[in-house]
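Q: Quick one: the structure is below, questions incoming.
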There are 2 protein chains.
Amino acid sequence: MGAKQGGGYIVGPVIKALQVLDYIGESGREVSLTEVAKAVGLPKTTVFRYLQTLSSTSFLRHDIPNDRYGIGAAFRSLARTDRSLHRLREVAMPIMRNLNREFNETINLAIETQGWIIYIEIVESTRALRMQAHIGARDPMHTTALGKAILAFLAEPEREKVLSASLSERTYRTVLDACVLRRQLNEVRTRGYAVEIGENEDVSMCVGVPILDDLSFPFAALSLSAPVQRRSDTLISAAASALLSASREISEKLRPEALFE
Amino acid sequence: MGAKQGGGYIVGPVIKALQVLDYIGESGREVSLTEVAKAVGLPKTTVFRYLQTLSSTSFLRHDIPNDRYGIGAAFRSLARTDRSLHRLREVAMPIMRNLNREFNETINLAIETQGWIIYIEIVESTRALRMQAHIGARDPMHTTALGKAILAFLAEPEREKVLSASLSERTYRTVLDACVLRRQLNEVRTRGYAVEIGENEDVSMCVGVPILDDLSFPFAALSLSAPVQRRSDTLISAAASALLSASREISEKLRPEALFE
DNA sequence: GCGTCAGGTTTCGCCAGGCGAAATATTTTC
DNA sequence: GAAAATATTTCGCCTGGCGAAACCTGACGC
């Protein structure tokens, strides 16, 4: 009987709950239990349970006085982050490819999540000797140029929250003293970019800049990373200025629709 | 053991699948089975099934070459309709309330869904004798001013698809002849508004205008409905011009972000 | 007020089908 | 090519999802 179609590894309740969610979203208004049940063709009791479940996670909103269900906050917030990141990627990728072409070094795009830097897009250098992280990887904020770029432009209290946590030691060059870091971040703030040399991995260096939204909040960061061997003041300053203008361009193109409102 | 927390009518698989969806959405990139399993703290097998299930409905996208899962088309499309309608409502409501105050008649906002008109917002007249539909109700397109307003501004092929379907008879005044309808719609197109008198319900009349997006696509319609008794040429022309400027105002305010891209 | 009706909620026993450990296949790495 | 990491499949257990039906609850109508 339950022989669901297609796939093979299909979980019944999940499919059915998604039908409910889909119907409500598509209808674009607040609907009653009975309406949904009739529309998706499932027993009232079953739909009732799904409505409860979906509401309990705020994917739906239960308007109790009128007993109507509509799309909820969790769904909207999820949709928004997805949209934001989706757009960020879309806008940043061509620009990152240009930087990559210009320097032939690895270009990284990252965001901060719960005190860590997460790589969300990477365009790799084609050189034999190159730096490579992989998308989804996580690094501490205080050991990367990406993290420092973001930290520097965060508001005081958020920054301090990170600095006051225990700072992990990645290499012998990792800066572990919060005071030193604070001084570095001040510099970053005035000149606009962060530099890290062998603080995250022995063999790599990195130049990073924040990407700011219209409220000057650093919601992402962009960096160029290269083997320490290729370190040179010319490279650093050339990279910094290229990254800065790239970051500005990305912010610009993102402007029309606020990223996080 | 399975004694889930809180609620009471919580369906386990649904909650867990939502956690998976949520994690992937929040992470903002394509993730592997193992990563999700670790992150949400569920057995790999279980997560595997959810990933399959969510992908089968396109809520997730399974990137097969890399075996990564990311947010899928169904989710995005749902999010988009939700956003659109949410904004439409938000923008239209105050304007509808103004119209309602001005005429003290019922004002309706509707969209088209699979050949039917669906009421998504209604501001009711306070008069004892008033027209009332209810939110979520469905009427045929060819019997309502709302439907005609949309039909008139649809592209030829879409319009013909509706006209060539069998036209249901709601009252003895319902226009059933496609040729007559075509002629009416031409008129609607030139003067900008549609009128219907007793064609949907014996006792009611209705004046409707389309709401156009920046590509002149009629994605919604606005109408004033009143009992036929109160019909008068002055009412009709006053309503028409008020509705037209209201519609223009709504389009205007919606402009900054395209409704359907 | 009481009866009726149209929702929504709760109960309850049944057994489908979800679960996850472990085995297997597949791909990646060294 | 062996080893390691990851994805897929199998399989029996038994949970917990299911839905009919009983039960509420509030809104009308008379």
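In the structure tokens, the first chain shown is A, the next is B, and so on; residue numbers restart at 1 for each chain, and ligands run from 1 in the order shown.
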May I have a table of the residues of chain C lying at most 8 Å from chain A, giving each one's closest pair of atoms and their distance in Å to one decimal, counting only C-alpha atoms (C1' of nucleotides), ordered by chain and ascending residue number, as JSON lines?
A:
```
{"residue": "C:DG7", "atom": "C1'", "partner": "A:Thr34", "partner_atom": "CA", "distance": 7.8}
{"residue": "C:DA16", "atom": "C1'", "partner": "A:Gly2", "partner_atom": "CA", "distance": 7.4}
{"residue": "C:DG18", "atom": "C1'", "partner": "A:Val11", "partner_atom": "CA", "distance": 7.5}
```
Q: Select residues of chain D: the criterion is any atom within 10 Å of an atom of chain A, counting only C-alpha atoms (C1' of nucleotides); output as a PyMOL selection string.
A: chain D and resi 17-20
Q: With the cut-off set at 7 Å and counting only C-alpha atoms, tabulate each residue of chain A with an atom at most that distance from an atom of chain B, showing the nearest atom pair and its distance in Å to one decimal, ordered by chain and increasing number, as JSON lines.
A:
```
{"residue": "A:Tyr9", "atom": "CA", "partner": "B:Arg49", "partner_atom": "CA", "distance": 5.4}
{"residue": "A:Ile10", "atom": "CA", "partner": "B:Thr53", "partner_atom": "CA", "distance": 4.8}
{"residue": "A:Val11", "atom": "CA", "partner": "B:Thr53", "partner_atom": "CA", "distance": 6.1}
{"residue": "A:Pro13", "atom": "CA", "partner": "B:Val14", "partner_atom": "CA", "distance": 6.3}
{"residue": "A:Val14", "atom": "CA", "partner": "B:Val14", "partner_atom": "CA", "distance": 5.0}
{"residue": "A:Ile15", "atom": "CA", "partner": "B:Thr53", "partner_atom": "CA", "distance": 6.7}
{"residue": "A:Ala17", "atom": "CA", "partner": "B:Val14", "partner_atom": "CA", "distance": 6.7}
{"residue": "A:Asp22", "atom": "CA", "partner": "B:Leu78", "partner_atom": "CA", "distance": 6.9}
{"residue": "A:Gly25", "atom": "CA", "partner": "B:Asp82", "partner_atom": "CA", "distance": 5.9}
{"residue": "A:Glu26", "atom": "CA", "partner": "B:Leu78", "partner_atom": "CA", "distance": 6.4}
{"residue": "A:Gly28", "atom": "CA", "partner": "B:Asp82", "partner_atom": "CA", "distance": 5.9}
{"residue": "A:Arg29", "atom": "CA", "partner": "B:Ile120", "partner_atom": "CA", "distance": 6.4}
{"residue": "A:Arg49", "atom": "CA", "partner": "B:Tyr9", "partner_atom": "CA", "distance": 5.3}
{"residue": "A:Tyr50", "atom": "CA", "partner": "B:Val11", "partner_atom": "CA", "distance": 6.8}
{"residue": "A:Gln52", "atom": "CA", "partner": "B:Tyr9", "partner_atom": "CA", "distance": 6.3}
{"residue": "A:Thr53", "atom": "CA", "partner": "B:Ile10", "partner_atom": "CA", "distance": 4.8}
{"residue": "A:Leu78", "atom": "CA", "partner": "B:Gly25", "partner_atom": "CA", "distance": 6.0}
{"residue": "A:Ala79", "atom": "CA", "partner": "B:Ala79", "partner_atom": "CA", "distance": 5.8}
{"residue": "A:Thr81", "atom": "CA", "partner": "B:Glu26", "partner_atom": "CA", "distance": 6.6}
{"residue": "A:Asp82", "atom": "CA", "partner": "B:Gly25", "partner_atom": "CA", "distance": 5.9}
{"residue": "A:Leu85", "atom": "CA", "partner": "B:Gly28", "partner_atom": "CA", "distance": 6.0}
{"residue": "A:Ile120", "atom": "CA", "partner": "B:Arg29", "partner_atom": "CA", "distance": 6.4}
```
Q: If you run DSSP over the backbone, which residues in stretch 7-242 of chain B end up strand (DSSP E)? Put them as an MDAnalysis selection string.
A: chainID B and resid 60:63 68:71 106:113 116:123 138:140 194:197 204:212 218:227
Q: Go ahead and dump the residues you just picked, N, CA and C atoms, as a compact mmCIF listing (two decimals), in the first residue's frame.
A:
```txt
# COMPACT_ATOMS: atom_id res chain seq x y z
N LEU B 60 15.80 20.39 -1.97
CA LEU B 60 17.25 20.40 -2.05
C LEU B 60 17.65 20.04 -3.48
N ARG B 61 18.91 20.34 -3.78
CA ARG B 61 19.45 19.99 -5.08
C ARG B 61 20.61 19.05 -4.81
N HIS B 62 20.61 17.92 -5.47
CA HIS B 62 21.69 16.98 -5.28
C HIS B 62 22.68 17.13 -6.43
N ASP B 63 23.84 17.64 -6.11
CA ASP B 63 24.88 17.79 -7.11
C ASP B 63 25.61 16.45 -7.19
N ARG B 68 27.15 16.56 -3.31
CA ARG B 68 26.89 17.63 -2.35
C ARG B 68 25.42 18.01 -2.46
N TYR B 69 24.89 18.48 -1.36
CA TYR B 69 23.50 18.92 -1.36
C TYR B 69 23.42 20.40 -1.04
N GLY B 70 22.58 21.11 -1.80
CA GLY B 70 22.37 22.53 -1.53
C GLY B 70 20.90 22.84 -1.66
N ILE B 71 20.55 24.07 -1.37
CA ILE B 71 19.16 24.50 -1.49
C ILE B 71 18.68 24.33 -2.93
N THR B 106 -16.87 47.08 -0.68
CA THR B 106 -15.86 46.05 -0.48
C THR B 106 -14.76 46.13 -1.54
N ILE B 107 -13.51 46.07 -1.08
CA ILE B 107 -12.37 46.14 -1.99
C ILE B 107 -11.65 44.80 -1.98
N ASN B 108 -11.39 44.24 -3.14
CA ASN B 108 -10.77 42.92 -3.23
C ASN B 108 -9.41 42.95 -3.93
N LEU B 109 -8.51 42.12 -3.43
CA LEU B 109 -7.23 41.94 -4.09
C LEU B 109 -7.14 40.45 -4.45
N ALA B 110 -6.79 40.16 -5.69
CA ALA B 110 -6.77 38.76 -6.11
C ALA B 110 -5.62 38.49 -7.06
N ILE B 111 -5.25 37.23 -7.13
CA ILE B 111 -4.28 36.80 -8.13
C ILE B 111 -4.90 35.65 -8.92
N GLU B 112 -4.26 35.30 -10.01
CA GLU B 112 -4.73 34.19 -10.82
C GLU B 112 -3.90 32.97 -10.47
N THR B 113 -4.57 31.84 -10.28
CA THR B 113 -3.85 30.58 -10.07
C THR B 113 -4.54 29.49 -10.86
N TRP B 116 -7.97 30.23 -12.25
CA TRP B 116 -8.99 30.75 -11.35
C TRP B 116 -8.48 32.04 -10.70
N ILE B 117 -9.44 32.83 -10.26
CA ILE B 117 -9.14 34.02 -9.49
C ILE B 117 -9.17 33.63 -8.01
N ILE B 118 -8.12 33.99 -7.28
CA ILE B 118 -8.12 33.70 -5.85
C ILE B 118 -8.02 35.00 -5.06
N TYR B 119 -8.95 35.17 -4.15
CA TYR B 119 -8.95 36.38 -3.33
C TYR B 119 -7.86 36.27 -2.28
N ILE B 120 -6.95 37.23 -2.27
CA ILE B 120 -5.92 37.13 -1.24
C ILE B 120 -6.04 38.21 -0.17
N GLU B 121 -6.85 39.20 -0.41
CA GLU B 121 -7.06 40.20 0.63
C GLU B 121 -8.37 40.91 0.34
N ILE B 122 -9.13 41.18 1.38
CA ILE B 122 -10.44 41.81 1.21
C ILE B 122 -10.65 42.84 2.31
N VAL B 123 -11.06 44.03 1.93
CA VAL B 123 -11.46 45.01 2.95
C VAL B 123 -12.94 45.25 2.77
N ARG B 138 -12.42 31.13 -4.57
CA ARG B 138 -12.02 30.97 -5.95
C ARG B 138 -13.17 31.32 -6.85
N ASP B 139 -12.96 32.12 -7.87
CA ASP B 139 -14.00 32.37 -8.86
C ASP B 139 -13.41 32.19 -10.25
N PRO B 140 -14.26 31.90 -11.22
CA PRO B 140 -13.75 31.77 -12.59
C PRO B 140 -13.24 33.12 -13.07
N ALA B 194 -12.20 46.83 -16.02
CA ALA B 194 -13.25 45.89 -16.39
C ALA B 194 -14.47 46.08 -15.50
N VAL B 195 -15.65 45.81 -16.07
CA VAL B 195 -16.88 45.91 -15.28
C VAL B 195 -17.65 44.61 -15.45
N GLU B 196 -18.28 44.19 -14.38
CA GLU B 196 -19.09 42.97 -14.45
C GLU B 196 -20.34 43.23 -13.63
N ILE B 197 -21.48 42.94 -14.23
CA ILE B 197 -22.72 43.19 -13.50
C ILE B 197 -23.58 41.94 -13.49
N SER B 204 -24.62 41.03 -7.43
CA SER B 204 -23.46 41.88 -7.26
C SER B 204 -22.90 42.43 -8.56
N MET B 205 -22.21 43.53 -8.43
CA MET B 205 -21.48 44.09 -9.56
C MET B 205 -20.05 44.37 -9.10
N CYS B 206 -19.21 44.60 -10.05
CA CYS B 206 -17.81 44.70 -9.70
C CYS B 206 -17.04 45.51 -10.75
N VAL B 207 -16.13 46.37 -10.28
CA VAL B 207 -15.24 47.10 -11.19
C VAL B 207 -13.82 46.66 -10.85
N GLY B 208 -13.08 46.26 -11.85
CA GLY B 208 -11.74 45.72 -11.56
C GLY B 208 -10.66 46.27 -12.46
N VAL B 209 -9.45 46.38 -11.91
CA VAL B 209 -8.29 46.81 -12.70
C VAL B 209 -7.13 45.85 -12.44
N PRO B 210 -6.26 45.69 -13.42
CA PRO B 210 -5.10 44.83 -13.21
C PRO B 210 -4.03 45.60 -12.44
N ILE B 211 -3.14 44.87 -11.79
CA ILE B 211 -1.94 45.49 -11.23
C ILE B 211 -0.77 44.94 -12.05
N LEU B 212 -0.05 45.85 -12.67
CA LEU B 212 0.98 45.42 -13.62
C LEU B 212 2.37 45.54 -13.01
N PRO B 218 0.15 41.38 -15.83
CA PRO B 218 -0.89 41.55 -14.80
C PRO B 218 -0.82 40.43 -13.77
N PHE B 219 -0.02 40.63 -12.74
CA PHE B 219 0.17 39.55 -11.77
C PHE B 219 -0.88 39.55 -10.68
N ALA B 220 -1.71 40.58 -10.63
CA ALA B 220 -2.77 40.64 -9.62
C ALA B 220 -3.85 41.59 -10.13
N ALA B 221 -4.95 41.66 -9.39
CA ALA B 221 -6.01 42.60 -9.77
C ALA B 221 -6.68 43.14 -8.52
N LEU B 222 -7.26 44.30 -8.70
CA LEU B 222 -7.87 45.03 -7.59
C LEU B 222 -9.30 45.33 -8.01
N SER B 223 -10.26 45.18 -7.11
CA SER B 223 -11.63 45.50 -7.52
C SER B 223 -12.45 46.08 -6.39
N LEU B 224 -13.52 46.73 -6.82
CA LEU B 224 -14.52 47.22 -5.88
C LEU B 224 -15.80 46.47 -6.21
N SER B 225 -16.42 45.88 -5.20
CA SER B 225 -17.68 45.19 -5.51
C SER B 225 -18.80 45.74 -4.65
N ALA B 226 -19.98 45.80 -5.23
CA ALA B 226 -21.12 46.40 -4.56
C ALA B 226 -22.38 45.65 -4.99
N PRO B 227 -23.44 45.78 -4.21
CA PRO B 227 -24.72 45.20 -4.62
C PRO B 227 -25.19 45.89 -5.91
```
Q: Give me the residues within 8 Å of stretch 1-16 of chain D as a VMD selection string, counting only C-alpha atoms (C1' of nucleotides) and dropping any in the same chain fewer than 2 places off.
A: (chain B and resid 2 34) or (chain C and resid 23 to 29)
Q: Atoms to include: N, CA and C atoms (P, O5', C5', C4', C3', O3' and C1' of nucleotides). Write the selected residues as a JSON list (two decimals), in the first residue's frame.
A:
```
[["chain", "number", "residue", "atom", "x", "y", "z"],
["B", 2, "GLY", "N", 11.97, 7.66, 22.46],
["B", 2, "GLY", "CA", 11.58, 8.63, 21.42],
["B", 2, "GLY", "C", 10.84, 9.83, 21.99],
["B", 34, "THR", "N", 28.00, 13.41, 5.15],
["B", 34, "THR", "CA", 28.69, 13.25, 6.43],
["B", 34, "THR", "C", 28.68, 14.55, 7.23],
["C", 23, "DA", "P", 29.02, -6.60, 9.86],
["C", 23, "DA", "O5'", 28.71, -7.05, 8.36],
["C", 23, "DA", "C5'", 27.38, -7.44, 7.99],
["C", 23, "DA", "C4'", 27.15, -7.07, 6.55],
["C", 23, "DA", "C3'", 28.36, -7.32, 5.63],
["C", 23, "DA", "O3'", 27.92, -7.88, 4.41],
["C", 23, "DA", "C1'", 27.67, -5.07, 5.45],
["C", 24, "DT", "P", 29.02, -8.28, 3.30],
["C", 24, "DT", "O5'", 28.86, -7.13, 2.22],
["C", 24, "DT", "C5'", 27.58, -6.84, 1.65],
["C", 24, "DT", "C4'", 27.71, -5.61, 0.79],
["C", 24, "DT", "C3'", 28.87, -5.68, -0.22],
["C", 24, "DT", "O3'", 28.33, -5.58, -1.52],
["C", 24, "DT", "C1'", 28.77, -3.58, 0.88],
["C", 25, "DA", "P", 29.30, -5.65, -2.79],
["C", 25, "DA", "O5'", 29.33, -4.10, -3.15],
["C", 25, "DA", "C5'", 28.14, -3.44, -3.56],
["C", 25, "DA", "C4'", 28.45, -1.98, -3.76],
["C", 25, "DA", "C3'", 29.52, -1.70, -4.83],
["C", 25, "DA", "O3'", 29.02, -0.67, -5.66],
["C", 25, "DA", "C1'", 30.07, -0.62, -2.83],
["C", 26, "DT", "P", 29.70, -0.34, -7.04],
["C", 26, "DT", "O5'", 30.34, 1.10, -6.80],
["C", 26, "DT", "C5'", 29.59, 2.11, -6.10],
["C", 26, "DT", "C4'", 30.54, 3.18, -5.60],
["C", 26, "DT", "C3'", 31.67, 3.52, -6.59],
["C", 26, "DT", "O3'", 31.56, 4.89, -6.93],
["C", 26, "DT", "C1'", 32.46, 3.34, -4.37],
["C", 27, "DT", "P", 32.39, 5.46, -8.20],
["C", 27, "DT", "O5'", 33.21, 6.63, -7.51],
["C", 27, "DT", "C5'", 32.66, 7.35, -6.39],
["C", 27, "DT", "C4'", 33.79, 7.86, -5.53],
["C", 27, "DT", "C3'", 35.00, 8.38, -6.32],
["C", 27, "DT", "O3'", 35.23, 9.74, -5.96],
["C", 27, "DT", "C1'", 35.69, 6.95, -4.57],
["C", 28, "DT", "P", 36.43, 10.58, -6.59],
["C", 28, "DT", "O5'", 37.43, 10.65, -5.36],
["C", 28, "DT", "C5'", 36.91, 10.91, -4.03],
["C", 28, "DT", "C4'", 38.06, 10.82, -3.04],
["C", 28, "DT", "C3'", 39.35, 11.47, -3.52],
["C", 28, "DT", "O3'", 39.91, 12.23, -2.46],
["C", 28, "DT", "C1'", 39.77, 9.22, -2.92],
["C", 29, "DT", "P", 41.21, 13.12, -2.70],
["C", 29, "DT", "O5'", 42.27, 12.37, -1.77],
["C", 29, "DT", "C5'", 41.83, 11.69, -0.57],
["C", 29, "DT", "C4'", 43.00, 10.92, 0.01],
["C", 29, "DT", "C3'", 44.37, 11.49, -0.35],
["C", 29, "DT", "O3'", 45.21, 11.45, 0.80],
["C", 29, "DT", "C1'", 44.28, 9.23, -1.01]]
```
Q: Can you measure atom CA of B:Glu252 to atom CA of B:Thr126 for me? One decimal in Å is fine.
A: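 About the pair atom CA of B:Glu252 and atom CA of B:Thr126: they are 28.8 Å apart.
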Q: Would you mind writing down, as a compact mmCIF listing (two decimals) with N, CA and C atoms, in the first residue's frame, each residue of stretch 102-246 of chain B that DSSP on the backbone assigns to alpha helix (DSSP H)?
A:
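Wrote it out as out_25.txt, contents follow:
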```txt
# COMPACT_ATOMS: atom_id res chain seq x y z
N GLU B 102 -13.14 55.66 1.10
CA GLU B 102 -13.69 56.61 0.13
C GLU B 102 -15.07 56.19 -0.36
N PHE B 103 -15.26 54.88 -0.65
CA PHE B 103 -16.52 54.44 -1.26
C PHE B 103 -17.43 53.69 -0.29
N ALA B 145 -14.85 40.76 -12.63
CA ALA B 145 -14.12 41.92 -13.14
C ALA B 145 -12.63 41.73 -12.89
N LEU B 146 -12.31 41.10 -11.76
CA LEU B 146 -10.92 40.81 -11.43
C LEU B 146 -10.29 39.97 -12.53
N GLY B 147 -11.00 38.91 -12.90
CA GLY B 147 -10.50 37.99 -13.90
C GLY B 147 -10.38 38.66 -15.25
N LYS B 148 -11.38 39.42 -15.63
CA LYS B 148 -11.34 40.09 -16.93
C LYS B 148 -10.20 41.09 -16.99
N ALA B 149 -9.98 41.78 -15.87
CA ALA B 149 -8.90 42.76 -15.85
C ALA B 149 -7.57 42.07 -16.11
N ILE B 150 -7.39 40.91 -15.50
CA ILE B 150 -6.14 40.18 -15.72
C ILE B 150 -6.07 39.62 -17.13
N LEU B 151 -7.15 38.96 -17.53
CA LEU B 151 -7.21 38.37 -18.88
C LEU B 151 -6.86 39.38 -19.96
N ALA B 152 -7.44 40.56 -19.83
CA ALA B 152 -7.28 41.57 -20.88
C ALA B 152 -5.80 41.91 -21.09
N PHE B 153 -5.03 41.85 -20.02
CA PHE B 153 -3.64 42.28 -20.12
C PHE B 153 -2.65 41.13 -20.23
N GLU B 156 -1.62 37.25 -25.70
CA GLU B 156 -2.55 36.51 -26.56
C GLU B 156 -2.68 35.02 -26.21
N PRO B 157 -1.59 34.25 -26.27
CA PRO B 157 -1.74 32.80 -26.10
C PRO B 157 -2.30 32.40 -24.73
N GLU B 158 -1.85 33.07 -23.67
CA GLU B 158 -2.39 32.72 -22.35
C GLU B 158 -3.88 33.05 -22.27
N ARG B 159 -4.22 34.19 -22.83
CA ARG B 159 -5.63 34.59 -22.80
C ARG B 159 -6.48 33.57 -23.52
N GLU B 160 -6.02 33.17 -24.69
CA GLU B 160 -6.81 32.24 -25.49
C GLU B 160 -6.96 30.88 -24.80
N LYS B 161 -5.93 30.51 -24.05
CA LYS B 161 -6.00 29.23 -23.35
C LYS B 161 -7.19 29.23 -22.38
N VAL B 162 -7.39 30.36 -21.72
CA VAL B 162 -8.51 30.45 -20.79
C VAL B 162 -9.83 30.51 -21.54
N LEU B 163 -9.87 31.33 -22.59
CA LEU B 163 -11.13 31.52 -23.33
C LEU B 163 -11.57 30.24 -24.03
N SER B 164 -10.60 29.44 -24.43
CA SER B 164 -10.97 28.25 -25.20
C SER B 164 -11.36 27.08 -24.29
N ALA B 178 -17.12 33.13 -26.35
CA ALA B 178 -15.72 33.59 -26.37
C ALA B 178 -15.55 34.83 -27.23
N CYS B 179 -16.35 34.93 -28.31
CA CYS B 179 -16.22 36.09 -29.19
C CYS B 179 -16.62 37.36 -28.47
N VAL B 180 -17.74 37.26 -27.75
CA VAL B 180 -18.21 38.43 -26.99
C VAL B 180 -17.16 38.80 -25.94
N LEU B 181 -16.63 37.80 -25.27
CA LEU B 181 -15.61 38.05 -24.24
C LEU B 181 -14.41 38.74 -24.86
N ARG B 182 -13.98 38.24 -26.00
CA ARG B 182 -12.82 38.83 -26.67
C ARG B 182 -13.05 40.31 -26.93
N ARG B 183 -14.27 40.62 -27.39
CA ARG B 183 -14.59 42.02 -27.67
C ARG B 183 -14.54 42.85 -26.38
N GLN B 184 -15.13 42.28 -25.32
CA GLN B 184 -15.11 42.97 -24.02
C GLN B 184 -13.67 43.23 -23.56
N LEU B 185 -12.85 42.22 -23.72
CA LEU B 185 -11.47 42.35 -23.24
C LEU B 185 -10.71 43.42 -24.01
N ASN B 186 -11.04 43.56 -25.31
CA ASN B 186 -10.42 44.64 -26.09
C ASN B 186 -10.75 45.99 -25.48
N GLU B 187 -12.02 46.12 -25.15
CA GLU B 187 -12.47 47.36 -24.50
C GLU B 187 -11.71 47.60 -23.20
N VAL B 188 -11.65 46.52 -22.39
CA VAL B 188 -10.97 46.62 -21.10
C VAL B 188 -9.55 47.12 -21.32
N ARG B 189 -8.91 46.58 -22.34
CA ARG B 189 -7.53 46.94 -22.59
C ARG B 189 -7.40 48.42 -22.94
N THR B 190 -8.34 48.94 -23.72
CA THR B 190 -8.20 50.35 -24.10
C THR B 190 -8.56 51.29 -22.96
N ARG B 191 -9.62 50.96 -22.21
CA ARG B 191 -9.98 51.92 -21.16
C ARG B 191 -9.30 51.61 -19.82
N ASP B 233 -23.73 54.95 -13.18
CA ASP B 233 -22.58 55.29 -14.03
C ASP B 233 -21.57 56.12 -13.27
N THR B 234 -22.08 56.99 -12.40
CA THR B 234 -21.14 57.80 -11.61
C THR B 234 -20.29 56.91 -10.72
N LEU B 235 -20.93 55.95 -10.04
CA LEU B 235 -20.16 55.06 -9.18
C LEU B 235 -19.10 54.33 -10.01
N ILE B 236 -19.53 53.78 -11.12
CA ILE B 236 -18.60 53.00 -11.93
C ILE B 236 -17.42 53.85 -12.37
N SER B 237 -17.69 55.04 -12.87
CA SER B 237 -16.55 55.79 -13.38
C SER B 237 -15.68 56.33 -12.25
N ALA B 238 -16.32 56.69 -11.14
CA ALA B 238 -15.52 57.13 -9.99
C ALA B 238 -14.65 55.98 -9.48
N ALA B 239 -15.26 54.80 -9.34
CA ALA B 239 -14.52 53.63 -8.87
C ALA B 239 -13.38 53.32 -9.82
N ALA B 240 -13.69 53.32 -11.12
CA ALA B 240 -12.67 52.98 -12.10
C ALA B 240 -11.46 53.90 -11.97
N SER B 241 -11.72 55.19 -11.87
CA SER B 241 -10.55 56.07 -11.85
C SER B 241 -9.79 55.94 -10.53
N ALA B 242 -10.53 55.74 -9.44
CA ALA B 242 -9.83 55.55 -8.16
C ALA B 242 -9.01 54.26 -8.17
N LEU B 243 -9.61 53.20 -8.72
CA LEU B 243 -8.90 51.92 -8.78
C LEU B 243 -7.65 52.03 -9.65
N LEU B 244 -7.81 52.73 -10.77
CA LEU B 244 -6.68 52.86 -11.67
C LEU B 244 -5.51 53.56 -10.99
N SER B 245 -5.83 54.62 -10.26
CA SER B 245 -4.69 55.31 -9.66
C SER B 245 -4.13 54.50 -8.49
N ALA B 246 -5.02 53.76 -7.80
CA ALA B 246 -4.54 52.88 -6.73
C ALA B 246 -3.60 51.83 -7.31
```
Q: Rounded to one decimal in Å, what is the spacing between atom CA of B:Ala137 and atom CA of B:Leu215?
A: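 Atom CA of B:Ala137 sits 27.7 Å away from atom CA of B:Leu215.
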Q: One decimal, in Å: what's the spacing between atom C1' of C:DC5 and atom C1' of D:DG26?
A: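 Atom-to-atom, atom C1' of C:DC5 to atom C1' of D:DG26, that is 10.6 Å.
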